[in-house]
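J.: What follows is data_16.cif; its format and atoms are mmCIF, C-alpha atoms and all ligand atoms.
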```
data_upload
loop_
_atom_site.label_atom_id
_atom_site.label_comp_id
_atom_site.auth_asym_id
_atom_site.auth_seq_id
_atom_site.Cartn_x
_atom_site.Cartn_y
_atom_site.Cartn_z
CA MET A 74 -11.92 21.85 21.55
CA ALA A 75 -15.58 21.04 22.17
CA ILE A 76 -17.59 20.47 19.01
CA SER A 77 -18.55 23.94 17.89
CA ASN A 78 -22.03 23.41 16.52
CA SER A 79 -25.16 21.70 17.75
CA TYR A 80 -26.25 18.14 16.99
CA PRO A 81 -25.91 17.64 13.20
CA ASN A 82 -29.09 17.75 11.16
CA PHE A 83 -28.62 15.07 8.48
CA PRO A 84 -30.85 15.24 5.38
CA SER A 85 -33.57 12.55 5.32
CA ASP A 86 -31.94 10.78 2.32
CA CYS A 87 -28.53 10.52 4.04
CA LYS A 88 -27.62 6.84 4.27
CA SER A 89 -24.21 7.01 5.98
CA LEU A 90 -23.56 4.80 8.97
CA LEU A 91 -22.59 8.03 10.75
CA SER A 92 -26.09 9.46 10.32
CA LYS A 93 -27.58 6.16 11.46
CA HIS A 94 -25.48 5.68 14.60
CA LEU A 95 -24.70 9.21 15.83
CA THR A 96 -27.70 9.55 18.11
CA LYS A 97 -28.20 12.76 20.09
CA GLU A 98 -27.29 10.86 23.25
CA ILE A 99 -23.98 9.61 21.78
CA TYR A 100 -23.27 13.09 20.42
CA GLU A 101 -23.74 14.63 23.88
CA GLU A 102 -21.58 11.86 25.44
CA LEU A 103 -18.67 12.36 23.01
CA LYS A 104 -18.75 16.00 21.92
CA ASN A 105 -16.25 17.26 24.52
CA LYS A 106 -13.89 14.26 24.42
CA LYS A 107 -10.52 14.19 22.67
CA THR A 108 -7.60 11.78 22.38
CA SER A 109 -4.04 12.43 23.61
CA SER A 110 -3.16 13.66 20.12
CA GLY A 111 -5.99 16.21 20.42
CA PHE A 112 -8.36 14.44 18.00
CA THR A 113 -12.02 15.36 18.59
CA LEU A 114 -15.45 14.03 17.66
CA GLU A 115 -15.81 17.02 15.33
CA ALA A 116 -12.69 15.91 13.44
CA ALA A 117 -13.82 12.26 13.37
CA ILE A 118 -17.18 13.06 11.77
CA ALA A 119 -16.11 16.00 9.55
CA SER A 120 -16.04 13.93 6.34
CA GLY A 121 -19.56 12.60 6.87
CA LEU A 122 -20.88 16.09 7.62
CA GLU A 123 -19.18 17.55 4.53
CA ASN A 124 -20.22 14.64 2.28
CA TYR A 125 -23.78 13.51 3.01
CA ASP A 126 -23.34 10.81 0.28
CA SER A 127 -20.70 9.06 2.43
CA GLY A 128 -21.25 5.37 3.00
CA ILE A 129 -19.56 5.48 6.38
CA GLY A 130 -18.66 9.12 7.19
CA VAL A 131 -16.12 8.72 10.00
CA TYR A 132 -12.34 8.41 10.27
CA ALA A 133 -10.10 7.74 13.29
CA GLY A 134 -7.22 10.13 14.05
CA ASP A 135 -5.26 7.58 16.07
CA LEU A 136 -5.57 4.12 17.67
CA GLU A 137 -7.00 5.82 20.78
CA SER A 138 -9.94 7.18 18.75
CA TYR A 139 -11.43 3.67 18.57
CA ASP A 140 -11.60 3.70 22.38
CA THR A 141 -12.34 7.36 23.11
CA PHE A 142 -15.20 7.44 20.56
CA ALA A 143 -16.16 3.76 20.94
CA ALA A 144 -19.81 4.69 21.50
CA LEU A 145 -19.88 5.80 17.84
CA PHE A 146 -17.25 3.56 16.23
CA ASP A 147 -18.43 0.28 17.81
CA PRO A 148 -21.94 0.22 16.26
CA ILE A 149 -20.49 1.32 12.89
CA ILE A 150 -17.84 -1.43 13.05
CA GLU A 151 -20.46 -3.99 14.11
CA GLU A 152 -22.80 -3.08 11.25
CA TYR A 153 -20.11 -2.90 8.52
CA HIS A 154 -18.05 -5.96 9.58
CA GLY A 155 -20.53 -7.99 11.67
CA PHE A 156 -17.88 -7.76 14.42
CA CYS A 157 -18.71 -7.20 18.11
CA LYS A 158 -16.86 -5.45 20.94
CA SER A 159 -16.08 -8.81 22.52
CA ASP A 160 -14.64 -10.33 19.31
CA SER A 161 -10.92 -10.68 18.62
CA HIS A 162 -9.34 -10.44 15.19
CA VAL A 163 -7.05 -13.23 13.91
CA SER A 164 -4.58 -12.71 11.05
CA ASN A 165 -3.31 -15.36 8.59
CA LEU A 166 -0.92 -14.24 5.85
CA ASN A 167 0.33 -17.76 5.00
CA ALA A 168 -0.15 -18.03 1.22
CA LYS A 169 0.08 -21.85 1.48
CA ASP A 170 -3.41 -21.81 3.03
CA LEU A 171 -4.98 -20.20 -0.05
CA ASN A 172 -6.79 -22.54 -2.45
CA ALA A 173 -6.99 -20.44 -5.62
CA PRO A 174 -5.86 -22.02 -8.91
CA ASN A 175 -6.16 -19.46 -11.74
CA PRO A 176 -9.94 -19.35 -12.54
CA ASP A 177 -9.39 -17.81 -16.00
CA VAL A 178 -6.30 -19.39 -17.59
CA GLU A 179 -7.47 -18.28 -21.06
CA ASN A 180 -7.67 -14.65 -19.88
CA LYS A 181 -11.20 -14.28 -21.24
CA TYR A 182 -12.70 -12.51 -18.22
CA ILE A 183 -10.14 -11.27 -15.67
CA VAL A 184 -8.25 -8.25 -16.97
CA SER A 185 -6.12 -7.79 -13.87
CA THR A 186 -5.74 -8.74 -10.22
CA ARG A 187 -4.70 -6.45 -7.34
CA ILE A 188 -4.42 -7.23 -3.63
CA ARG A 189 -3.53 -4.49 -1.17
CA VAL A 190 -3.24 -3.98 2.57
CA GLY A 191 -3.27 -0.73 4.54
CA ARG A 192 -0.69 -0.29 7.28
CA ASN A 193 0.08 2.51 9.75
CA ILE A 194 3.18 2.94 11.87
CA ALA A 195 2.78 2.04 15.57
CA ASN A 196 2.79 4.83 18.17
CA LEU A 197 2.10 7.61 15.63
CA PRO A 198 -1.24 9.33 14.93
CA LEU A 199 -3.14 8.28 11.79
CA GLY A 200 -3.47 10.54 8.75
CA PRO A 201 -6.34 12.72 10.02
CA ALA A 202 -4.41 13.79 13.15
CA ILE A 203 -0.76 13.47 12.10
CA THR A 204 1.43 16.61 12.04
CA LYS A 205 3.46 17.56 8.97
CA ASP A 206 6.72 16.64 10.75
CA GLN A 207 5.32 13.24 11.77
CA ARG A 208 4.08 12.60 8.21
CA ASP A 209 7.52 13.50 6.83
CA GLU A 210 9.04 11.03 9.35
CA VAL A 211 6.67 8.34 8.05
CA GLU A 212 7.86 9.06 4.50
CA LYS A 213 11.50 8.82 5.64
CA GLN A 214 11.01 5.50 7.49
CA ALA A 215 8.92 4.01 4.67
CA SER A 216 11.23 5.04 1.82
CA GLN A 217 14.30 3.77 3.70
CA ALA A 218 12.64 0.40 4.37
CA LEU A 219 11.41 0.12 0.75
CA ASN A 220 14.69 1.14 -0.87
CA SER A 221 16.35 -1.76 0.98
CA LEU A 222 14.15 -4.38 -0.75
CA ASP A 223 15.81 -6.75 -3.24
CA GLY A 224 14.98 -9.53 -5.69
CA ASN A 225 11.61 -9.19 -7.47
CA LEU A 226 10.60 -6.45 -5.01
CA LYS A 227 13.58 -4.20 -5.83
CA GLY A 228 12.52 -0.77 -7.03
CA THR A 229 12.58 2.97 -6.42
CA TYR A 230 10.67 5.43 -4.23
CA TYR A 231 9.29 8.49 -6.07
CA PRO A 232 8.11 11.46 -3.93
CA LEU A 233 4.91 13.07 -5.23
CA ASP A 234 6.31 16.51 -4.32
CA GLY A 235 8.05 17.67 -7.48
CA MET A 236 6.85 14.70 -9.60
CA ASN A 237 6.26 15.65 -13.24
CA GLU A 238 2.48 16.21 -13.71
CA GLU A 239 2.39 14.06 -16.86
CA VAL A 240 4.22 11.20 -15.07
CA SER A 241 1.79 11.25 -12.12
CA GLN A 242 -1.27 11.45 -14.40
CA LYS A 243 -0.02 8.46 -16.46
CA LEU A 244 0.57 6.44 -13.26
CA ILE A 245 -3.01 7.26 -12.14
CA GLU A 246 -4.50 6.35 -15.56
CA ASP A 247 -2.56 3.07 -15.49
CA HIS A 248 -4.13 2.36 -12.06
CA PHE A 249 -0.77 2.44 -10.28
CA LEU A 250 -1.04 5.73 -8.36
CA PHE A 251 -3.67 7.19 -6.07
CA LYS A 252 -5.84 10.08 -7.25
CA ALA A 253 -5.34 13.46 -5.64
CA GLY A 254 -8.08 15.47 -4.00
CA ASP A 255 -10.64 12.83 -2.99
CA ARG A 256 -13.30 15.00 -1.28
CA PHE A 257 -13.94 12.39 1.44
CA LEU A 258 -10.25 12.31 2.36
CA GLU A 259 -10.04 16.11 2.04
CA ALA A 260 -12.80 16.65 4.60
CA ALA A 261 -11.17 14.11 6.94
CA GLY A 262 -7.94 16.14 6.95
CA LEU A 263 -6.07 13.44 5.06
CA ASN A 264 -4.95 15.78 2.25
CA ARG A 265 -3.27 18.38 4.47
CA ASN A 266 0.12 19.65 3.14
CA TRP A 267 -0.54 17.79 -0.14
CA PRO A 268 1.63 16.59 -1.93
CA LYS A 269 4.38 16.88 0.71
CA GLY A 270 5.25 13.60 2.42
CA ARG A 271 3.40 11.54 -0.20
CA GLY A 272 4.93 9.22 -2.75
CA ILE A 273 4.93 5.87 -4.51
CA TYR A 274 7.43 3.02 -4.54
CA HIS A 275 7.34 0.46 -7.32
CA ASN A 276 9.48 -2.32 -8.77
CA ASP A 277 10.48 -2.15 -12.44
CA GLU A 278 7.56 -4.35 -13.57
CA LYS A 279 5.05 -2.31 -11.49
CA THR A 280 3.75 -5.57 -10.01
CA PHE A 281 4.73 -4.42 -6.52
CA LEU A 282 3.87 -0.90 -5.36
CA VAL A 283 3.57 1.00 -2.07
CA TRP A 284 1.63 4.23 -1.66
CA VAL A 285 3.03 6.40 1.13
CA ASN A 286 0.75 8.72 3.14
CA GLU A 287 -2.46 8.47 1.12
CA GLU A 288 -5.45 7.38 3.22
CA ASP A 289 -3.15 5.16 5.29
CA GLN A 290 0.56 5.63 5.86
CA LEU A 291 1.37 2.62 3.68
CA ARG A 292 -0.77 0.90 1.08
CA ILE A 293 1.23 -2.23 0.16
CA ILE A 294 0.05 -3.43 -3.25
CA SER A 295 0.69 -6.47 -5.44
CA MET A 296 -0.90 -6.46 -8.89
CA GLN A 297 -0.57 -7.92 -12.37
CA GLN A 298 -2.51 -8.60 -15.56
CA GLY A 299 -4.66 -11.74 -15.63
CA GLY A 300 -6.20 -13.91 -12.93
CA ASP A 301 -3.34 -15.63 -11.11
CA ILE A 302 -4.71 -14.52 -7.73
CA LYS A 303 -2.43 -16.86 -5.78
CA GLU A 304 0.74 -15.45 -7.36
CA VAL A 305 -0.40 -11.89 -6.54
CA PHE A 306 -1.08 -12.90 -2.92
CA GLN A 307 2.27 -14.69 -2.56
CA ARG A 308 4.15 -11.58 -3.74
CA LEU A 309 2.15 -9.39 -1.31
CA THR A 310 2.70 -11.58 1.77
CA SER A 311 6.41 -11.88 1.03
CA ALA A 312 6.68 -8.07 0.75
CA ILE A 313 4.71 -7.44 3.95
CA SER A 314 6.99 -9.69 5.99
CA LYS A 315 10.13 -8.04 4.55
CA ILE A 316 8.82 -4.52 5.33
CA GLU A 317 7.72 -5.62 8.82
CA GLU A 318 11.37 -6.47 9.59
CA LYS A 319 12.04 -2.71 9.44
CA ILE A 320 8.76 -1.06 10.52
CA LYS A 321 6.42 -1.89 13.47
CA PHE A 322 2.79 -1.58 12.37
CA SER A 323 -0.10 -0.40 14.56
CA TYR A 324 -2.08 -3.49 15.59
CA SER A 325 -4.54 -4.46 18.33
CA LYS A 326 -5.87 -7.89 19.39
CA HIS A 327 -9.41 -6.63 19.04
CA LEU A 328 -9.24 -4.62 15.81
CA GLY A 329 -6.23 -6.13 14.03
CA TYR A 330 -4.24 -3.75 11.82
CA ILE A 331 -5.30 -0.18 12.66
CA THR A 332 -6.46 2.09 9.80
CA SER A 333 -7.96 5.57 9.57
CA CYS A 334 -11.22 4.35 8.00
CA PRO A 335 -13.04 1.72 10.09
CA THR A 336 -13.94 -0.22 6.92
CA ASN A 337 -10.28 -1.21 6.53
CA LEU A 338 -9.65 -2.46 10.09
CA GLY A 339 -8.49 -6.02 10.74
CA THR A 340 -6.74 -7.36 7.66
CA ALA A 341 -6.97 -3.93 5.94
CA LEU A 342 -6.98 -6.11 2.82
CA ARG A 343 -8.81 -5.50 -0.42
CA ALA A 344 -8.42 -8.22 -3.05
CA SER A 345 -9.87 -7.16 -6.39
CA VAL A 346 -10.12 -8.24 -9.97
CA HIS A 347 -11.09 -6.09 -12.93
CA ILE A 348 -13.42 -8.50 -14.70
CA LYS A 349 -15.37 -8.37 -18.00
CA VAL A 350 -18.97 -9.48 -17.34
CA PRO A 351 -21.09 -7.68 -19.99
CA ASN A 352 -23.94 -10.20 -19.78
CA LEU A 353 -24.16 -10.07 -15.98
CA ALA A 354 -24.10 -6.27 -16.24
CA GLN A 355 -27.39 -6.61 -18.15
CA ASN A 356 -28.75 -8.78 -15.32
CA TYR A 357 -27.65 -6.53 -12.47
CA ALA A 358 -29.97 -8.09 -9.87
CA HIS A 359 -28.38 -11.49 -10.53
CA PHE A 360 -24.92 -9.86 -10.52
CA GLU A 361 -25.57 -8.35 -7.08
CA GLU A 362 -27.11 -11.60 -5.80
CA ILE A 363 -23.81 -13.38 -6.48
CA THR A 364 -21.61 -10.59 -5.06
CA ASN A 365 -23.75 -10.30 -1.91
CA LYS A 366 -23.64 -14.07 -1.39
CA HIS A 367 -19.83 -13.95 -1.38
CA HIS A 368 -19.54 -10.72 0.71
CA LEU A 369 -18.22 -8.80 -2.30
CA GLN A 370 -18.35 -5.17 -3.38
CA ILE A 371 -18.84 -3.91 -6.96
CA ARG A 372 -16.80 -0.82 -7.89
CA GLY A 373 -16.01 1.02 -11.10
CA ILE A 374 -12.57 0.57 -12.62
CA ASN A 375 -11.02 3.94 -11.81
CA GLY A 376 -11.06 3.61 -8.06
CA GLU A 377 -13.66 4.02 -5.37
CA HIS A 378 -16.74 6.07 -6.35
CA SER A 379 -15.97 5.56 -10.07
CA GLU A 380 -18.12 3.93 -12.77
CA SER A 381 -17.71 0.72 -14.75
CA VAL A 382 -16.31 1.14 -18.26
CA GLY A 383 -17.06 -1.25 -21.14
CA GLY A 384 -18.68 -3.91 -18.97
CA VAL A 385 -15.53 -4.18 -16.81
CA TYR A 386 -16.08 -4.06 -13.03
CA ASP A 387 -13.84 -3.98 -9.97
CA ILE A 388 -14.97 -6.89 -7.77
CA SER A 389 -13.48 -7.16 -4.28
CA ASN A 390 -14.01 -8.54 -0.80
CA LYS A 391 -16.10 -6.38 1.51
CA ARG A 392 -15.26 -8.16 4.80
CA ARG A 393 -11.88 -7.20 6.32
CA LEU A 394 -12.27 -7.58 10.11
CA GLY A 395 -12.98 -10.79 12.02
CA VAL A 396 -11.88 -12.84 9.01
CA THR A 397 -8.29 -13.74 8.06
CA GLU A 398 -6.46 -12.50 4.97
CA ILE A 399 -6.91 -16.00 3.52
CA GLN A 400 -10.70 -15.75 3.94
CA CYS A 401 -10.78 -12.26 2.38
CA VAL A 402 -9.01 -13.50 -0.75
CA GLN A 403 -11.08 -16.73 -0.74
CA ASP A 404 -14.29 -14.61 -0.60
CA MET A 405 -13.18 -12.79 -3.75
CA TYR A 406 -11.91 -15.95 -5.47
CA ASP A 407 -15.06 -18.00 -4.82
CA GLY A 408 -17.25 -15.11 -5.99
CA VAL A 409 -15.23 -14.64 -9.18
CA VAL A 410 -15.46 -18.37 -9.98
CA GLU A 411 -19.26 -18.13 -9.77
CA LEU A 412 -19.39 -14.87 -11.75
CA ILE A 413 -17.39 -16.46 -14.59
CA LYS A 414 -19.61 -19.58 -14.54
CA VAL A 415 -22.83 -17.51 -14.78
CA GLU A 416 -21.33 -15.12 -17.38
CA LYS A 417 -20.54 -18.15 -19.56
CA GLU A 418 -24.10 -19.51 -19.14
CA LEU A 419 -25.64 -16.12 -19.99
CA ALA A 420 -23.38 -15.79 -23.06
CA LEU A 421 -24.68 -19.18 -24.25
CA GLY A 422 -28.24 -17.79 -23.86
P1 LIG A 501 -8.05 0.87 -2.79
O1 LIG A 501 -8.89 1.53 -1.76
O2 LIG A 501 -7.98 -0.59 -2.62
O3 LIG A 501 -6.74 1.49 -3.06
P2 LIG A 501 -9.37 2.05 -5.08
O4 LIG A 501 -10.75 1.58 -5.49
O5 LIG A 501 -9.20 3.42 -4.56
O6 LIG A 501 -8.85 0.94 -4.14
O7 LIG A 501 -8.40 1.84 -6.35
C1 LIG A 501 -7.11 2.38 -6.33
C2 LIG A 501 -6.51 2.24 -7.71
O8 LIG A 501 -6.26 0.83 -7.98
C3 LIG A 501 -7.46 2.70 -8.84
O9 LIG A 501 -6.69 3.31 -9.86
C4 LIG A 501 -8.04 1.42 -9.37
O10 LIG A 501 -8.39 1.54 -10.74
C5 LIG A 501 -6.88 0.46 -9.19
N1 LIG A 501 -7.30 -0.93 -9.07
C6 LIG A 501 -8.04 -1.48 -8.08
N2 LIG A 501 -8.23 -2.79 -8.32
C7 LIG A 501 -7.58 -3.08 -9.50
C8 LIG A 501 -7.39 -4.26 -10.28
N3 LIG A 501 -7.90 -5.44 -9.91
N4 LIG A 501 -6.67 -4.16 -11.43
C9 LIG A 501 -6.14 -2.99 -11.81
N5 LIG A 501 -6.26 -1.82 -11.11
C10 LIG A 501 -6.97 -1.89 -9.98
N1 LIG A 502 -15.64 7.52 1.24
C1 LIG A 502 -15.85 7.22 2.64
C2 LIG A 502 -15.05 5.97 3.08
C3 LIG A 502 -15.67 4.66 2.64
C4 LIG A 502 -14.72 3.51 2.65
N2 LIG A 502 -13.62 3.73 1.68
C5 LIG A 502 -12.40 4.08 2.02
N3 LIG A 502 -12.00 4.09 3.28
N4 LIG A 502 -11.55 4.47 1.08
C6 LIG A 502 -17.34 7.03 2.89
O1 LIG A 502 -17.75 7.14 4.04
O2 LIG A 502 -18.05 6.79 1.92
#
```
Once more with this new file: its structure as structure tokens, please.
Ligand code: ADP
Ligand code: DAR
T.:
Amino acid sequence: MAISNSYPNFPSDCKSLLSKHLTKEIYEELKNKKTSSGFTLEAAIASGLENYDSGIGVYAGDLESYDTFAALFDPIIEEYHGFCKSDSHVSNLNAKDLNAPNPDVENKYIVSTRIRVGRNIANLPLGPAITKDQRDEVEKQASQALNSLDGNLKGTYYPLDGMNEEVSQKLIEDHFLFKAGDRFLEAAGLNRNWPKGRGIYHNDEKTFLVWVNEEDQLRIISMQQGGDIKEVFQRLTSAISKIEEKIKFSYSKHLGYITSCPTNLGTALRASVHIKVPNLAQNYAHFEEITNKHHLQIRGINGEHSESVGGVYDISNKRRLGVTEIQCVQDMYDGVVELIKVEKELALG
């Protein structure tokens, strides 16, 4: 279906990469195109048109979207990741290559560490374009693969459909489960048929979790209290290789692991710590100088678009494409080491 309305009229204070890169010429070039799963430009930009406060504003409906709508996705990918059309992504999930001794053995600063990757199943549409039957098939394949895990990864899959409201709310408050109803995902068509086909797998200790059919079809998560970043990464890479024995993930030489949001392409990895830095919080310019230097993002502690609470911040790698998983985690680690050093100096006055 051709895009129904005329060239979007973004407000002057809109800062999304969509508003910056969707020129009238690109709009005219792409407005009547669609992928083999029927995904259109209108669907790809819906979230950014519904939410003018988007940072990015676009989502892919399938691997093909990154080619069909390349005129729009390529400049957004280049600006966010510093990654050009001619570049190729390289992956490295070998935990032995990570140099990250615990930077906070006395647990004075790092409350908790979490490293996650997004994965989508090869040869299926992504969340914005998937049908209900296809999404249910993803849930079936994922839960079967997860329920076969053993050792320290052994656990149980819990469908969201029919989950006790109090149980799901507690899992969200404890930072284990995704929030429902994110307006950015809603506008991208990622919440269709909610909560059907969605669920969470976790081991007994809740140090290994997998979200099924949130923004991506799998979010594979390793997390624990404290700052042993290497141990968290080792658990994650071991789990990824076990799951990959059962499920083929969508991957391309150019863009790496394929995700619905272009910010997650490549490694699709976000390595974060929740860290107490009350003194740096009072010197926010210095705080941001350190995070920018190490390609890091500052978030609140209740997920994306949330606020910091009690001087605790979510600090994570911003780069995901054109760098390996080792580099993503090293970005976060090196930044955290410097944040702790400066926090100590500020505390001493
Ligand atoms: P992502 O896109 O990586 O899933 P979000 O910012 O949406 O990240 O966070 C998802 C959930 O994970 C939220 O509940 C958030 O509080 C939690 N979370 C993220 N990083 C950490 C961390 N280092 N420690 C504990 N919880 C975390
Ligand atoms: N909220 C959307 C996506 C930004 C990146 N975060 C993701 N993919 N969860 C935006 O454009 O701001």
J.: I want to know what sits within 9 Å of Gln400 in chain A, based on only C-alpha atoms, with residues of the same chain fewer than 5 positions away left out; could you give that as a ChimeraX atom specification?
T.: /A:165,171,392-393,405
J.: Got a sec to check which residues lie within 9 Å of ligand LIG 501 (chain A), using all atoms listed in the file, and send them as an MDAnalysis selection string?
T.: chainID A and resid 183:191 244:252 284 288 292 294 296:299 337 342:348 372:379 386:389
J.: Write the residues of the selection above to a file with C-alpha atoms, as a CSV table (one decimal), in the coordinates of the input.
T.:
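Result written to selection-v2.csv:
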```csv
chain,number,residue,atom,x,y,z
A,183,ILE,CA,-10.1,-11.3,-15.7
A,184,VAL,CA,-8.2,-8.2,-17.0
A,185,SER,CA,-6.1,-7.8,-13.9
A,186,THR,CA,-5.7,-8.7,-10.2
A,187,ARG,CA,-4.7,-6.4,-7.3
A,188,ILE,CA,-4.4,-7.2,-3.6
A,189,ARG,CA,-3.5,-4.5,-1.2
A,190,VAL,CA,-3.2,-4.0,2.6
A,191,GLY,CA,-3.3,-0.7,4.5
A,244,LEU,CA,0.6,6.4,-13.3
A,245,ILE,CA,-3.0,7.3,-12.1
A,246,GLU,CA,-4.5,6.4,-15.6
A,247,ASP,CA,-2.6,3.1,-15.5
A,248,HIS,CA,-4.1,2.4,-12.1
A,249,PHE,CA,-0.8,2.4,-10.3
A,250,LEU,CA,-1.0,5.7,-8.4
A,251,PHE,CA,-3.7,7.2,-6.1
A,252,LYS,CA,-5.8,10.1,-7.2
A,284,TRP,CA,1.6,4.2,-1.7
A,288,GLU,CA,-5.4,7.4,3.2
A,292,ARG,CA,-0.8,0.9,1.1
A,294,ILE,CA,0.0,-3.4,-3.2
A,296,MET,CA,-0.9,-6.5,-8.9
A,297,GLN,CA,-0.6,-7.9,-12.4
A,298,GLN,CA,-2.5,-8.6,-15.6
A,299,GLY,CA,-4.7,-11.7,-15.6
A,337,ASN,CA,-10.3,-1.2,6.5
A,342,LEU,CA,-7.0,-6.1,2.8
A,343,ARG,CA,-8.8,-5.5,-0.4
A,344,ALA,CA,-8.4,-8.2,-3.0
A,345,SER,CA,-9.9,-7.2,-6.4
A,346,VAL,CA,-10.1,-8.2,-10.0
A,347,HIS,CA,-11.1,-6.1,-12.9
A,348,ILE,CA,-13.4,-8.5,-14.7
A,372,ARG,CA,-16.8,-0.8,-7.9
A,373,GLY,CA,-16.0,1.0,-11.1
A,374,ILE,CA,-12.6,0.6,-12.6
A,375,ASN,CA,-11.0,3.9,-11.8
A,376,GLY,CA,-11.1,3.6,-8.1
A,377,GLU,CA,-13.7,4.0,-5.4
A,378,HIS,CA,-16.7,6.1,-6.4
A,379,SER,CA,-16.0,5.6,-10.1
A,386,TYR,CA,-16.1,-4.1,-13.0
A,387,ASP,CA,-13.8,-4.0,-10.0
A,388,ILE,CA,-15.0,-6.9,-7.8
A,389,SER,CA,-13.5,-7.2,-4.3
```
J.: If you take all atoms listed in the file and a cut-off of 6 Å, which residues of chain A touch ligand LIG 502 (chain A), and what are their nearest atom pairs and distances in Å to one decimal, in chain and number order, as a tab-separated table?
T.:
```
residue	atom	partner	partner_atom	distance
A:Ser127	CA	A:LIG502	O2	3.5
A:Gly128	CA	A:LIG502	O2	3.7
A:Ile129	CA	A:LIG502	O1	3.4
A:Gly130	CA	A:LIG502	O1	3.8
A:Phe257	CA	A:LIG502	N1	5.2
A:Cys334	CA	A:LIG502	N3	4.8
A:Thr336	CA	A:LIG502	C4	5.7
```
J.: Rounded to one decimal, what separation in Å do you get between CA of Ser110 in chain A and CA of Ile293 in chain A?
T.: 25.9 Å
J.: Write out as a list of chain:residue names the residues lying within 7 Å of range 89-101 of chain A, counting only C-alpha atoms and excluding same-chain residues fewer than 3 positions away.
T.: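 So, after excluding close chain neighbours, the residues are A:Tyr80, A:Phe83, A:Lys104, A:Gly121, A:Asp126, A:Ser127, A:Gly128, A:Ile129, A:Gly130, A:Val131, A:Ala144, A:Leu145, A:Pro148, A:Ile149.
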J.: Tell me, as a PyMOL selection string, which residues lie within 9 Å of range 194-204 of chain A, counting all atoms listed in the file; anything in the same chain fewer than 2 positions away does not count.
T.: chain A and resi 110-112+116-117+132-137+192+206-209+211+258+261-265+286-291+320-324+331-333
J.: Between A:Asn365, A:Asn193, A:Thr340, A:Ser221, which is the closest to Glu318 in chain A once you count all atoms listed in the file?
T.: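 The answer is A:Ser221, which sits nearest to Glu318 in chain A.
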J.: May I ask which of the residues A:Ser161, A:Ser314, A:Asn167, A:Thr141 is the closest one to Ala218 in chain A, counting only C-alpha atoms?
T.: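 Closest to Ala218 in chain A of all the choices is A:Ser314.
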J.: Could range 197-206 of chain A be completed with N, CA, C and O atoms and written as a PDB file, keeping the file's coordinate frame, please?
T.:
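And here is the file that came out, rebuild13.pdb:
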```
ATOM      1  N   LEU A 197       2.244   6.303  16.301  1.00  0.00           N
ATOM      2  CA  LEU A 197       2.100   7.610  15.630  1.00  0.00           C
ATOM      3  C   LEU A 197       0.606   7.840  15.380  1.00  0.00           C
ATOM      4  O   LEU A 197      -0.130   6.883  15.184  1.00  0.00           O
ATOM      5  N   PRO A 198       0.145   9.094  15.310  1.00  0.00           N
ATOM      6  CA  PRO A 198      -1.240   9.330  14.930  1.00  0.00           C
ATOM      7  C   PRO A 198      -1.492   8.826  13.502  1.00  0.00           C
ATOM      8  O   PRO A 198      -0.537   8.670  12.723  1.00  0.00           O
ATOM      9  N   LEU A 199      -2.749   8.631  13.159  1.00  0.00           N
ATOM     10  CA  LEU A 199      -3.140   8.280  11.790  1.00  0.00           C
ATOM     11  C   LEU A 199      -3.241   9.562  10.964  1.00  0.00           C
ATOM     12  O   LEU A 199      -3.170  10.672  11.502  1.00  0.00           O
ATOM     13  N   GLY A 200      -3.465   9.402   9.663  1.00  0.00           N
ATOM     14  CA  GLY A 200      -3.470  10.540   8.750  1.00  0.00           C
ATOM     15  C   GLY A 200      -4.311  11.745   9.163  1.00  0.00           C
ATOM     16  O   GLY A 200      -3.863  12.887   9.026  1.00  0.00           O
ATOM     17  N   PRO A 201      -5.509  11.535   9.694  1.00  0.00           N
ATOM     18  CA  PRO A 201      -6.340  12.720  10.020  1.00  0.00           C
ATOM     19  C   PRO A 201      -5.796  13.585  11.148  1.00  0.00           C
ATOM     20  O   PRO A 201      -6.151  14.757  11.250  1.00  0.00           O
ATOM     21  N   ALA A 202      -4.915  13.017  11.985  1.00  0.00           N
ATOM     22  CA  ALA A 202      -4.410  13.790  13.150  1.00  0.00           C
ATOM     23  C   ALA A 202      -2.904  13.998  13.112  1.00  0.00           C
ATOM     24  O   ALA A 202      -2.356  14.702  13.947  1.00  0.00           O
ATOM     25  N   ILE A 203      -2.229  13.417  12.121  1.00  0.00           N
ATOM     26  CA  ILE A 203      -0.760  13.470  12.100  1.00  0.00           C
ATOM     27  C   ILE A 203      -0.291  14.886  11.812  1.00  0.00           C
ATOM     28  O   ILE A 203      -0.969  15.644  11.112  1.00  0.00           O
ATOM     29  N   THR A 204       0.862  15.282  12.375  1.00  0.00           N
ATOM     30  CA  THR A 204       1.430  16.610  12.040  1.00  0.00           C
ATOM     31  C   THR A 204       2.282  16.469  10.785  1.00  0.00           C
ATOM     32  O   THR A 204       2.636  15.354  10.377  1.00  0.00           O
ATOM     33  N   LYS A 205       2.632  17.612  10.190  1.00  0.00           N
ATOM     34  CA  LYS A 205       3.460  17.560   8.970  1.00  0.00           C
ATOM     35  C   LYS A 205       4.792  16.883   9.249  1.00  0.00           C
ATOM     36  O   LYS A 205       5.266  16.037   8.483  1.00  0.00           O
ATOM     37  N   ASP A 206       5.424  17.251  10.403  1.00  0.00           N
ATOM     38  CA  ASP A 206       6.720  16.640  10.750  1.00  0.00           C
ATOM     39  C   ASP A 206       6.594  15.125  10.915  1.00  0.00           C
ATOM     40  O   ASP A 206       7.442  14.357  10.460  1.00  0.00           O
TER      41      ASP A 206
END
```
